[in-house]
>>> print(open('structure.cif').read())   # mmCIF, C-alpha atoms
data_run
#
loop_
_atom_site.label_atom_id
_atom_site.label_comp_id
_atom_site.auth_asym_id
_atom_site.auth_seq_id
_atom_site.Cartn_x
_atom_site.Cartn_y
_atom_site.Cartn_z
CA MET A 60 5.39 -55.37 14.51
CA SER A 61 2.55 -54.80 12.03
CA ARG A 62 2.55 -56.78 8.83
CA ARG A 63 3.74 -54.81 5.78
CA THR A 64 1.23 -54.57 2.92
CA ARG A 65 2.69 -55.11 -0.52
CA GLY A 66 2.72 -52.06 -2.80
CA ILE A 67 1.98 -49.59 0.00
CA PHE A 68 4.65 -47.56 1.75
CA GLU A 69 5.24 -44.52 3.90
CA LYS A 70 7.82 -42.43 2.01
CA VAL A 71 8.79 -40.51 5.14
CA PRO A 72 8.49 -42.85 8.15
CA GLY A 73 6.16 -41.41 10.78
CA SER A 74 4.72 -38.72 8.47
CA GLY A 75 1.33 -40.40 8.15
CA VAL A 76 1.40 -39.81 4.38
CA TRP A 77 1.18 -43.09 2.43
CA TRP A 78 1.99 -43.90 -1.19
CA ILE A 79 1.21 -46.80 -3.50
CA ARG A 80 3.53 -48.47 -6.03
CA TYR A 81 2.44 -50.80 -8.83
CA ALA A 82 3.08 -51.72 -12.47
CA ASP A 83 0.41 -50.62 -14.95
CA SER A 84 -0.84 -52.63 -17.97
CA THR A 85 2.26 -51.59 -19.97
CA SER A 86 4.56 -52.80 -17.15
CA ARG A 87 5.45 -49.15 -16.37
CA LEU A 88 6.18 -48.63 -12.67
CA ARG A 89 3.79 -46.04 -11.19
CA ARG A 90 3.73 -44.24 -7.85
CA GLU A 91 0.91 -42.17 -6.35
CA LYS A 92 0.70 -40.07 -3.20
CA VAL A 93 -2.55 -40.91 -1.41
CA GLY A 94 -2.90 -39.86 2.22
CA ASN A 95 -3.68 -42.12 5.16
CA LYS A 96 -2.96 -45.84 5.12
CA ALA A 97 -6.56 -46.98 4.77
CA ALA A 98 -7.05 -44.80 1.68
CA ALA A 99 -3.78 -46.12 0.23
CA ILE A 100 -4.87 -49.77 0.67
CA LYS A 101 -8.18 -49.02 -1.01
CA LEU A 102 -6.62 -47.19 -3.98
CA TYR A 103 -3.96 -49.87 -4.43
CA ALA A 104 -6.68 -52.54 -4.77
CA LYS A 105 -8.52 -50.36 -7.30
CA ARG A 106 -5.41 -49.79 -9.41
CA LYS A 107 -4.59 -53.53 -9.45
CA THR A 108 -8.11 -54.28 -10.66
CA GLU A 109 -7.76 -51.64 -13.44
CA VAL A 110 -4.46 -53.23 -14.51
CA LEU A 111 -6.03 -56.70 -14.70
CA GLN A 112 -8.87 -55.28 -16.81
CA GLY A 113 -6.37 -53.66 -19.18
CA ILE A 114 -7.59 -50.14 -18.48
CA LYS A 115 -5.16 -47.50 -19.71
CA LEU A 116 -4.29 -45.03 -16.97
CA PRO A 117 -3.61 -41.32 -17.64
CA GLU A 118 -0.01 -40.14 -17.93
CA ASN A 119 -0.38 -37.90 -14.88
CA PHE A 120 -3.05 -38.11 -12.25
CA ARG A 121 -4.57 -34.72 -11.50
CA ALA A 122 -3.28 -33.31 -8.25
CA LYS A 123 -5.75 -32.26 -5.61
CA ALA A 124 -7.15 -28.84 -6.53
CA VAL A 125 -5.76 -26.04 -4.38
CA THR A 126 -8.46 -24.10 -2.52
CA PHE A 127 -8.78 -20.35 -2.23
CA GLY A 128 -8.31 -20.77 1.52
CA GLU A 129 -4.81 -22.14 0.92
CA LEU A 130 -3.98 -19.21 -1.35
CA ALA A 131 -5.33 -16.79 1.24
CA GLU A 132 -3.10 -18.25 3.94
CA SER A 133 -0.02 -17.73 1.77
CA ALA A 134 -1.11 -14.19 0.84
CA LEU A 135 -1.61 -13.17 4.46
CA GLY A 136 1.82 -14.58 5.31
CA TYR A 137 3.34 -12.44 2.55
CA SER A 138 1.39 -9.41 3.75
CA LYS A 139 2.65 -9.83 7.31
CA ALA A 140 6.25 -10.07 6.13
CA HIS A 141 6.21 -7.22 3.61
CA LYS A 142 3.40 -4.75 4.36
CA SER A 143 3.09 -2.30 7.22
CA ASP A 144 -0.72 -2.35 6.98
CA CYS A 145 -1.01 -6.16 7.09
CA ARG A 146 -3.69 -6.03 9.79
CA HIS A 147 -6.05 -4.46 7.25
CA ASP A 148 -5.52 -7.43 4.93
CA ASP A 149 -6.32 -9.76 7.83
CA SER A 150 -9.66 -8.08 8.50
CA ARG A 151 -10.60 -7.80 4.82
CA MET A 152 -9.82 -11.44 4.11
CA LYS A 153 -12.36 -12.69 6.68
CA PRO A 154 -15.54 -11.87 4.70
CA ILE A 155 -13.89 -13.08 1.48
CA LEU A 156 -13.14 -16.46 3.06
CA GLU A 157 -16.75 -16.83 4.19
CA THR A 158 -17.67 -17.22 0.52
CA PHE A 159 -14.56 -18.59 -1.20
CA ARG A 160 -12.57 -20.53 1.43
CA ASN A 161 -13.35 -24.06 0.19
CA ARG A 162 -13.64 -23.22 -3.50
CA ALA A 163 -11.06 -24.68 -5.90
CA ALA A 164 -9.07 -21.56 -6.74
CA GLU A 165 -8.99 -22.18 -10.48
CA THR A 166 -12.80 -22.42 -10.68
CA ILE A 167 -13.32 -18.85 -9.42
CA THR A 168 -14.25 -16.51 -12.28
CA PRO A 169 -13.87 -12.72 -12.71
CA GLN A 170 -17.67 -12.49 -12.85
CA GLU A 171 -17.97 -14.14 -9.41
CA ILE A 172 -15.44 -11.73 -7.88
CA GLU A 173 -17.20 -8.76 -9.46
CA ARG A 174 -20.60 -9.95 -8.23
CA TRP A 175 -19.24 -10.50 -4.70
CA LEU A 176 -17.73 -7.00 -4.59
CA THR A 177 -20.96 -5.44 -5.84
CA ASP A 178 -23.18 -7.33 -3.39
CA GLU A 179 -20.94 -6.56 -0.42
CA ALA A 180 -20.73 -2.89 -1.40
CA ASP A 181 -24.51 -2.66 -1.61
CA ASP A 182 -25.06 -4.42 1.72
CA LYS A 183 -22.37 -2.53 3.64
CA ASN A 184 -22.47 0.81 1.80
CA TRP A 185 -18.84 0.63 0.74
CA SER A 186 -17.19 3.57 -1.01
CA PRO A 187 -15.37 3.03 -4.34
CA ALA A 188 -12.08 3.24 -2.43
CA THR A 189 -13.12 0.42 -0.08
CA ILE A 190 -14.18 -1.77 -3.00
CA ASN A 191 -10.79 -1.21 -4.59
CA ARG A 192 -9.00 -2.29 -1.40
CA TYR A 193 -10.85 -5.63 -1.47
CA LYS A 194 -10.20 -5.99 -5.19
CA ALA A 195 -6.49 -5.38 -4.53
CA LEU A 196 -6.48 -8.17 -1.92
CA PHE A 197 -8.01 -10.59 -4.44
CA SER A 198 -5.35 -9.52 -6.93
CA LEU A 199 -2.50 -10.02 -4.45
CA THR A 200 -3.78 -13.48 -3.48
CA PHE A 201 -4.06 -14.76 -7.04
CA ARG A 202 -0.87 -13.03 -8.24
CA LEU A 203 1.27 -14.71 -5.58
CA ALA A 204 -0.32 -18.08 -6.34
CA LEU A 205 0.38 -17.61 -10.04
CA GLU A 206 4.02 -16.72 -9.37
CA ASN A 207 4.38 -19.82 -7.17
CA GLY A 208 2.89 -22.13 -9.78
CA LYS A 209 -0.18 -23.00 -7.73
CA ILE A 210 -2.61 -21.75 -10.40
CA LYS A 211 -2.35 -20.96 -14.11
CA TYR A 212 -4.72 -18.01 -14.33
CA ASN A 213 -5.46 -14.87 -12.30
CA PRO A 214 -9.19 -14.04 -12.54
CA ALA A 215 -8.82 -10.81 -10.52
CA ARG A 216 -6.90 -9.21 -13.40
CA LEU A 217 -10.12 -8.83 -15.37
CA VAL A 218 -12.01 -7.14 -12.53
CA LYS A 219 -12.05 -3.39 -13.09
CA ARG A 220 -11.15 -0.89 -10.40
CA ARG A 221 -13.84 1.55 -9.30
CA ARG A 222 -13.34 5.20 -10.05
CA GLU A 223 -12.44 7.05 -6.86
CA ASP A 224 -13.31 10.69 -6.25
CA ASN A 225 -10.10 12.20 -4.87
CA ALA A 226 -10.77 15.77 -5.93
CA ARG A 227 -10.89 17.12 -2.39
CA ILE A 228 -7.72 16.91 -0.36
CA ARG A 229 -7.77 18.21 3.21
CA TRP A 230 -4.67 19.79 4.70
CA LEU A 231 -3.92 21.70 7.89
CA LEU A 232 -4.28 25.47 7.62
CA GLY A 233 -1.99 27.78 9.56
CA GLU A 234 -4.62 28.89 12.09
CA GLU A 235 -5.80 25.31 12.55
CA GLU A 236 -2.26 24.18 13.32
CA LYS A 237 -1.96 26.84 16.04
CA ARG A 238 -5.19 25.63 17.67
CA LEU A 239 -4.13 21.99 17.38
CA ARG A 240 -0.74 22.60 18.96
CA LYS A 241 -2.38 24.52 21.80
CA ALA A 242 -4.81 21.65 22.46
CA ILE A 243 -2.00 19.05 22.44
CA GLU A 244 0.20 21.18 24.69
CA GLU A 245 -2.56 21.49 27.30
CA LYS A 246 -3.30 17.77 27.71
CA TRP A 247 -1.05 15.57 25.53
CA ALA A 248 2.26 17.47 25.45
CA GLU A 249 4.34 14.27 25.42
CA HIS A 250 2.87 13.46 21.98
CA MET A 251 3.83 16.73 20.30
CA PRO A 252 6.93 15.13 18.67
CA GLU A 253 4.65 12.65 16.90
CA LEU A 254 2.82 15.54 15.23
CA ASP A 255 6.08 17.21 14.20
CA ILE A 256 7.42 13.99 12.66
CA ALA A 257 4.22 13.50 10.67
CA LEU A 258 4.23 17.08 9.33
CA HIS A 259 7.91 17.02 8.36
CA THR A 260 8.29 13.51 6.89
CA GLY A 261 4.90 12.73 5.33
CA MET A 262 5.01 9.13 6.55
CA ARG A 263 1.84 7.08 6.72
CA ARG A 264 0.69 6.41 10.26
CA SER A 265 1.53 2.70 10.01
CA GLU A 266 5.02 3.57 8.73
CA GLN A 267 5.64 6.10 11.47
CA TYR A 268 4.54 3.91 14.36
CA SER A 269 6.49 0.92 13.03
CA LEU A 270 9.80 2.83 13.13
CA MET A 271 12.62 1.39 15.19
CA TRP A 272 15.76 3.21 16.32
CA SER A 273 17.82 1.03 14.01
CA ASP A 274 15.88 2.58 11.08
CA ILE A 275 17.19 6.10 11.81
CA ASP A 276 20.60 7.25 10.60
CA PHE A 277 21.36 10.41 12.57
CA ILE A 278 24.69 11.02 10.85
CA ASN A 279 23.34 10.96 7.27
CA ARG A 280 19.88 12.22 8.35
CA ILE A 281 17.97 9.38 6.70
CA ILE A 282 14.98 7.26 7.77
CA THR A 283 14.67 3.77 6.29
CA VAL A 284 11.04 2.74 5.96
CA ARG A 285 11.29 -1.03 5.68
CA HIS A 286 7.63 -1.96 5.29
CA THR A 287 5.57 0.39 3.13
CA LYS A 288 2.06 0.19 1.74
CA ASN A 289 3.56 -0.87 -1.59
CA GLY A 290 5.70 -3.55 0.01
CA GLU A 291 8.91 -1.77 -1.02
CA MET A 292 11.62 -0.22 1.12
CA ARG A 293 12.12 3.55 0.80
CA HIS A 294 14.24 6.28 2.37
CA ILE A 295 13.25 9.72 3.72
CA ARG A 296 15.60 12.62 4.30
CA LEU A 297 15.31 14.43 7.63
CA ASN A 298 15.06 18.22 7.67
CA GLN A 299 16.34 20.15 10.67
CA THR A 300 13.00 20.05 12.53
CA ALA A 301 12.55 16.30 12.06
CA LEU A 302 16.16 15.60 13.05
CA ALA A 303 15.87 17.69 16.23
CA THR A 304 12.60 15.96 17.11
CA PHE A 305 14.11 12.49 16.75
CA GLU A 306 17.09 13.57 18.86
CA GLN A 307 14.64 14.76 21.54
CA LEU A 308 12.83 11.39 21.47
CA PHE A 309 16.11 9.47 21.57
CA ALA A 310 17.25 11.40 24.63
CA ARG A 311 14.22 10.26 26.62
CA SER A 312 14.27 6.64 25.33
CA ASN A 313 16.40 3.62 26.13
CA GLY A 314 17.75 3.76 22.55
CA GLU A 315 16.39 0.35 21.62
CA GLY A 316 13.30 -1.10 19.95
CA PHE A 317 10.48 1.07 18.71
CA VAL A 318 10.82 4.84 18.44
CA PHE A 319 7.35 5.70 19.68
CA THR A 320 6.72 4.35 23.17
CA ASN A 321 5.00 5.43 26.36
CA GLY A 322 6.70 6.26 29.66
CA ARG A 323 7.20 2.55 30.35
CA PHE A 324 8.89 2.04 26.95
CA GLU A 325 5.87 0.10 25.67
CA HIS A 326 5.24 0.33 21.93
CA LEU A 327 2.59 2.85 20.84
CA LEU A 328 0.59 1.22 18.05
CA ASN A 329 -1.07 4.42 16.79
CA SER A 330 -2.16 7.94 17.69
CA ARG A 331 -5.92 7.48 18.07
CA HIS A 332 -6.00 7.77 21.87
CA TRP A 333 -4.70 11.35 21.80
CA PHE A 334 -4.90 12.75 18.25
CA GLU A 335 -8.64 12.41 17.67
CA PRO A 336 -9.54 14.00 21.04
CA ALA A 337 -7.04 16.81 20.33
CA ILE A 338 -8.64 17.49 16.93
CA GLU A 339 -12.05 17.69 18.57
CA LYS A 340 -10.74 19.96 21.34
CA ALA A 341 -9.16 22.27 18.73
CA GLY A 342 -12.45 22.51 16.84
CA ILE A 343 -10.99 21.29 13.54
CA ALA A 344 -13.66 19.73 11.32
CA ASP A 345 -13.29 16.84 8.87
CA PHE A 346 -9.64 16.11 9.67
CA THR A 347 -7.86 12.78 10.17
CA TRP A 348 -4.27 11.71 10.76
CA HIS A 349 -3.87 10.99 7.04
CA CYS A 350 -4.56 14.68 6.38
CA LEU A 351 -1.16 15.40 7.94
CA ARG A 352 0.32 13.50 4.98
CA HIS A 353 -1.73 15.65 2.61
CA THR A 354 -0.40 18.69 4.48
CA PHE A 355 3.21 17.58 3.96
CA ALA A 356 2.72 17.18 0.20
CA SER A 357 0.70 20.37 -0.26
CA ARG A 358 3.20 22.50 1.62
CA LEU A 359 6.04 21.12 -0.49
CA VAL A 360 4.24 22.02 -3.70
CA MET A 361 3.31 25.47 -2.39
CA ALA A 362 6.99 25.99 -1.54
CA GLY A 363 7.87 25.38 -5.19
CA VAL A 364 9.15 21.79 -4.93
CA ASP A 365 8.70 19.94 -8.25
CA LEU A 366 6.19 17.09 -8.41
CA ARG A 367 8.79 14.44 -9.22
CA THR A 368 10.64 15.17 -5.98
CA VAL A 369 7.37 15.22 -4.04
CA GLN A 370 6.54 11.83 -5.57
CA GLN A 371 9.81 10.38 -4.24
CA LEU A 372 9.31 11.88 -0.78
CA MET A 373 5.75 10.58 -0.56
CA GLY A 374 6.69 7.12 -1.79
CA HIS A 375 4.16 7.15 -4.64
CA LYS A 376 4.56 4.64 -7.46
CA THR A 377 3.20 7.00 -10.11
CA ILE A 378 3.24 10.76 -10.66
CA GLN A 379 -0.56 10.65 -11.04
CA MET A 380 -0.85 9.73 -7.36
CA THR A 381 1.25 12.75 -6.45
CA CYS A 382 -0.90 15.09 -8.54
CA ARG A 383 -3.94 13.71 -6.71
CA TYR A 384 -2.52 14.32 -3.23
CA ALA A 385 -0.47 17.47 -3.73
CA HIS A 386 -3.14 19.99 -4.67
CA LEU A 387 -2.22 23.63 -4.30
CA ALA A 388 -4.10 25.95 -1.98
CA PRO A 389 -6.48 28.43 -3.70
CA GLU A 390 -4.37 31.32 -2.41
CA HIS A 391 -1.28 29.84 -4.05
CA GLN A 392 -3.11 29.35 -7.34
CA LEU A 393 -4.26 32.99 -7.21
CA ALA A 394 -0.67 34.10 -6.66
CA ALA A 395 0.32 32.09 -9.73
CA VAL A 396 -2.23 33.64 -12.09
CA GLU A 397 -1.49 37.12 -10.70
CA ARG A 398 1.95 36.72 -12.28
CA LEU A 399 0.27 37.24 -15.64
CA CYS A 400 -0.66 40.76 -14.58
CA GLU A 401 2.89 41.36 -13.40
CA THR A 402 4.20 40.17 -16.79
CA GLU A 403 1.86 42.46 -18.71
CA SER A 404 2.87 45.46 -16.59
CA ALA A 405 6.54 44.69 -17.15
CA GLN A 406 6.00 44.48 -20.92
CA GLU A 407 4.16 47.83 -20.94
CA GLU A 408 6.95 49.48 -18.95
CA ALA A 409 9.55 48.09 -21.36
CA THR A 410 7.59 49.45 -24.34
CA ASP A 411 7.27 52.91 -22.74
CA THR A 412 11.00 52.95 -21.99
CA ARG A 413 11.97 52.09 -25.57
CA THR A 414 9.64 54.79 -26.94
CA SER A 415 11.03 57.49 -24.66
CA THR A 416 14.67 56.67 -25.41
CA GLU A 417 14.41 56.53 -29.26
CA PRO A 418 16.05 59.65 -30.91
CA SER A 419 13.55 61.97 -32.64
CA MET A 420 13.99 62.78 -36.33
CA PRO A 421 14.53 66.37 -37.48
CA VAL A 422 11.42 68.12 -38.78
CA ASN A 423 12.79 68.54 -42.32
CA ALA A 424 13.60 64.78 -42.44
CA GLN A 425 10.03 63.96 -41.45
CA VAL A 426 8.67 66.21 -44.18
CA ALA A 427 10.97 64.60 -46.72
CA LEU A 428 9.71 61.14 -45.78
CA VAL A 429 6.10 62.28 -46.20
CA GLN A 430 6.88 63.69 -49.68
#
>>> encode(input="structure.cif", output="structure tokens")
Amino acid sequence: MSRRTRGIFEKVPGSGVWWIRYADSTSRLRREKVGNKAAAIKLYAKRKTEVLQGIKLPENFRAKAVTFGELAESALGYSKAHKSDCRHDDSRMKPILETFRNRAAETITPQEIERWLTDEADDKNWSPATINRYKALFSLTFRLALENGKIKYNPARLVKRRREDNARIRWLLGEEEKRLRKAIEEKWAEHMPELDIALHTGMRRSEQYSLMWSDIDFINRIITVRHTKNGEMRHIRLNQTALATFEQLFARSNGEGFVFTNGRFEHLLNSRHWFEPAIEKAGIADFTWHCLRHTFASRLVMAGVDLRTVQQLMGHKTIQMTCRYAHLAPEHQLAAVERLCETESAQEEATDTRTSTEPSMPVNAQVALVQ
């Protein structure tokens, strides 16, 4: 049995974390968490010397500064548990950690974050939207640490978002949809339900391909999206087409696990292996899967659905986001302004009708009025 050293102890036997205990110059009993045993022996000797010299010790010894790497680990854990697009956070965090991993989190300034974003954007030709995604990851990391009491200040709050140009929204035109469906039917017919679900629910790709059968309520016709981009649960109503499509998928599944699987019931992670080739085969330019979401929103607005309802169906936090995505087609805008002409014509017809139906005055009465 090893000899026990006075004033040094392992609070949790076998943990490898050692503490020291001593009385300071005021006879106050002090305890400090140190680390390994050798470091504890060394610090204990130092503290005893300081006591003998009458040195006044601080009320609280500063805890070891938390590093950005520790905050990043917690943030990625949160992302994995609450966000459907957590893999994007994983990839974006890697270049951030190359610079900030070992930095004490509370020493990082807004100016340093801004400079890092600018330099990376210049080197890698990032768009304003990409810069904002990295800025959002900084914000998430520091916000969670602040809420958990690990830091006292969030430097990312003072970093401004870049202005994004979202003026152009691409959606699927009627003729394009016909060509796309024909291309899918010829080579990827088993994936047609995936297209129908996207067009009739407006789900993000990550939301759609994360769906499980337990998330679909066939009786009440509701989808529960458990992990959204915003980290909040939301619900989507199923129209007749979406409901029939899910019933078709259920009939050819084993009724368990993920909704979208291959013939061997293996989970399909995304649509890239068939959708992008189908788009190319159909000859549709400048179109991605996310444009199906734009199509859902645009068609709702063109059908006369109010923006507040569209906002709820899209899962947007603000109405401004809905206005950005749900642009009306030029033809629909033309139909709207043409109503002005219809209104003017109706007013003219009403005026003509009133004039023709008013009783005429006798001639002698008209003369009398003139006199």
>>> residues_around(input="structure.cif", residues="Ala257 of chain A", least_positions_apart="5", cutoff="9 Å", atoms="all atoms listed in the file", output="PyMOL selection string")
chain A and resi 252+262-264+267+301+348+351-352+355
>>> resolve_selection(input="structure.cif", expression="the PyMOL selection byres ((chain A and resi 334) around 9)", output="PDB file with C-alpha atoms, keeping the file's coordinate frame")
ATOM      1  CA  ILE A 243      -2.000  19.050  22.440  1.00  0.00           C
ATOM      2  CA  TRP A 247      -1.050  15.570  25.530  1.00  0.00           C
ATOM      3  CA  HIS A 250       2.870  13.460  21.980  1.00  0.00           C
ATOM      4  CA  LEU A 254       2.820  15.540  15.230  1.00  0.00           C
ATOM      5  CA  SER A 330      -2.160   7.940  17.690  1.00  0.00           C
ATOM      6  CA  ARG A 331      -5.920   7.480  18.070  1.00  0.00           C
ATOM      7  CA  HIS A 332      -6.000   7.770  21.870  1.00  0.00           C
ATOM      8  CA  TRP A 333      -4.700  11.350  21.800  1.00  0.00           C
ATOM      9  CA  GLU A 335      -8.640  12.410  17.670  1.00  0.00           C
ATOM     10  CA  PRO A 336      -9.540  14.000  21.040  1.00  0.00           C
ATOM     11  CA  ALA A 337      -7.040  16.810  20.330  1.00  0.00           C
ATOM     12  CA  ILE A 338      -8.640  17.490  16.930  1.00  0.00           C
ATOM     13  CA  GLU A 339     -12.050  17.690  18.570  1.00  0.00           C
ATOM     14  CA  THR A 347      -7.860  12.780  10.170  1.00  0.00           C
ATOM     15  CA  TRP A 348      -4.270  11.710  10.760  1.00  0.00           C
TER      16      TRP A 348
END
>>> resolve_selection(input="structure.cif", expression="the PyMOL selection byres ((chain A and resi 75-92) around 12)", output="number ranges by chain")
A: 64-74, 93-123
>>> resolve_selection(input="structure.cif", expression="the PyMOL selection byres ((chain A and resi 317) around 12)", output="NGL selection string")
:A and (266-275 or 308-309 or 312-316 or 318-321 or 324-328)
>>> residues_around(input="structure.cif", residues="Arg160 of chain A", least_positions_apart="6", cutoff="10 Å", atoms="all atoms listed in the file", output="list in words")
Thr126, Phe127, Gly128, Glu129, Leu130, Ala131, Met152, Lys153 and Pro154 of chain A
>>> residues_around(input="structure.cif", residues="Ile282 of chain A", least_positions_apart="4", cutoff="8 Å", atoms="only C-alpha atoms", output="PyMOL selection string")
chain A and resi 274-276+294-297
>>> atom_distance(input="structure.cif", atom1="atom CA of Thr354 of chain A", atom2="atom CA of Tyr193 of chain A")
27.1 Å
>>> closest_residue(input="structure.cif", among="A:Ile228, A:Leu366, A:Ala242, A:Leu203", to="Lys340 of chain A", atoms="all atoms listed in the file")
A:Ala242
>>> atom_distance(input="structure.cif", atom1="atom CA of Glu173 of chain A", atom2="atom CA of Glu206 of chain A")
22.7 Å
>>> atom_distance(input="structure.cif", atom1="atom CA of Arg146 of chain A", atom2="atom CA of Ala195 of chain A")
14.6 Å
>>> residues_near_point(input="structure.cif", point="(2.7, 11.0, -12.7)", cutoff="12 Å", atoms="only C-alpha atoms", output="PyMOL selection string")
chain A and resi 365-371+375-385
>>> decode(input="structure.cif", residues="segment 264-317 of chain A", atoms="C-alpha atoms", output="mmCIF file, in the first residue's frame")
data_model
loop_
_atom_site.group_PDB
_atom_site.id
_atom_site.type_symbol
_atom_site.label_atom_id
_atom_site.label_comp_id
_atom_site.auth_asym_id
_atom_site.auth_seq_id
_atom_site.Cartn_x
_atom_site.Cartn_y
_atom_site.Cartn_z
ATOM 1 C CA ARG A 264 -34.813 17.762 -48.258
ATOM 2 C CA SER A 265 -33.242 16.947 -44.882
ATOM 3 C CA GLU A 266 -36.700 17.011 -43.258
ATOM 4 C CA GLN A 267 -38.236 14.787 -45.896
ATOM 5 C CA TYR A 268 -35.534 12.130 -45.880
ATOM 6 C CA SER A 269 -35.451 12.039 -42.072
ATOM 7 C CA LEU A 270 -39.153 11.107 -41.849
ATOM 8 C CA MET A 271 -40.090 7.920 -40.056
ATOM 9 C CA TRP A 272 -43.416 6.106 -40.247
ATOM 10 C CA SER A 273 -44.089 7.026 -36.631
ATOM 11 C CA ASP A 274 -44.065 10.698 -37.733
ATOM 12 C CA ILE A 275 -47.090 10.255 -40.030
ATOM 13 C CA ASP A 276 -50.641 10.335 -38.678
ATOM 14 C CA PHE A 277 -52.800 8.879 -41.449
ATOM 15 C CA ILE A 278 -56.051 9.352 -39.539
ATOM 16 C CA ASN A 279 -55.617 13.086 -38.858
ATOM 17 C CA ARG A 280 -53.518 13.614 -42.022
ATOM 18 C CA ILE A 281 -50.605 15.266 -40.221
ATOM 19 C CA ILE A 282 -46.813 14.967 -40.548
ATOM 20 C CA THR A 283 -44.713 15.738 -37.472
ATOM 21 C CA VAL A 284 -41.337 17.160 -38.450
ATOM 22 C CA ARG A 285 -39.277 16.584 -35.322
ATOM 23 C CA HIS A 286 -35.952 18.094 -36.359
ATOM 24 C CA THR A 287 -36.183 21.277 -38.429
ATOM 25 C CA LYS A 288 -33.604 23.781 -39.574
ATOM 26 C CA ASN A 289 -34.713 26.056 -36.731
ATOM 27 C CA GLY A 290 -34.439 23.285 -34.167
ATOM 28 C CA GLU A 291 -38.183 23.406 -33.474
ATOM 29 C CA MET A 292 -40.841 20.766 -34.063
ATOM 30 C CA ARG A 293 -43.586 21.616 -36.577
ATOM 31 C CA HIS A 294 -46.609 19.953 -38.159
ATOM 32 C CA ILE A 295 -47.696 19.769 -41.813
ATOM 33 C CA ARG A 296 -51.187 18.949 -43.038
ATOM 34 C CA LEU A 297 -51.468 16.388 -45.831
ATOM 35 C CA ASN A 298 -53.579 17.187 -48.876
ATOM 36 C CA GLN A 299 -55.207 14.366 -50.828
ATOM 37 C CA THR A 300 -52.242 13.875 -53.182
ATOM 38 C CA ALA A 301 -49.686 13.730 -50.358
ATOM 39 C CA LEU A 302 -51.873 11.370 -48.317
ATOM 40 C CA ALA A 303 -52.349 9.000 -51.266
ATOM 41 C CA THR A 304 -48.614 9.057 -51.962
ATOM 42 C CA PHE A 305 -47.727 8.148 -48.382
ATOM 43 C CA GLU A 306 -50.309 5.345 -48.460
ATOM 44 C CA GLN A 307 -48.666 4.044 -51.644
ATOM 45 C CA LEU A 308 -45.229 4.103 -49.981
ATOM 46 C CA PHE A 309 -46.570 2.432 -46.840
ATOM 47 C CA ALA A 310 -48.084 -0.392 -48.874
ATOM 48 C CA ARG A 311 -44.688 -1.315 -50.322
ATOM 49 C CA SER A 312 -42.755 -0.870 -47.032
ATOM 50 C CA ASN A 313 -42.415 -2.971 -43.899
ATOM 51 C CA GLY A 314 -44.179 -0.184 -41.963
ATOM 52 C CA GLU A 315 -41.212 0.491 -39.706
ATOM 53 C CA GLY A 316 -38.242 2.847 -39.573
ATOM 54 C CA PHE A 317 -37.610 5.442 -42.240
#
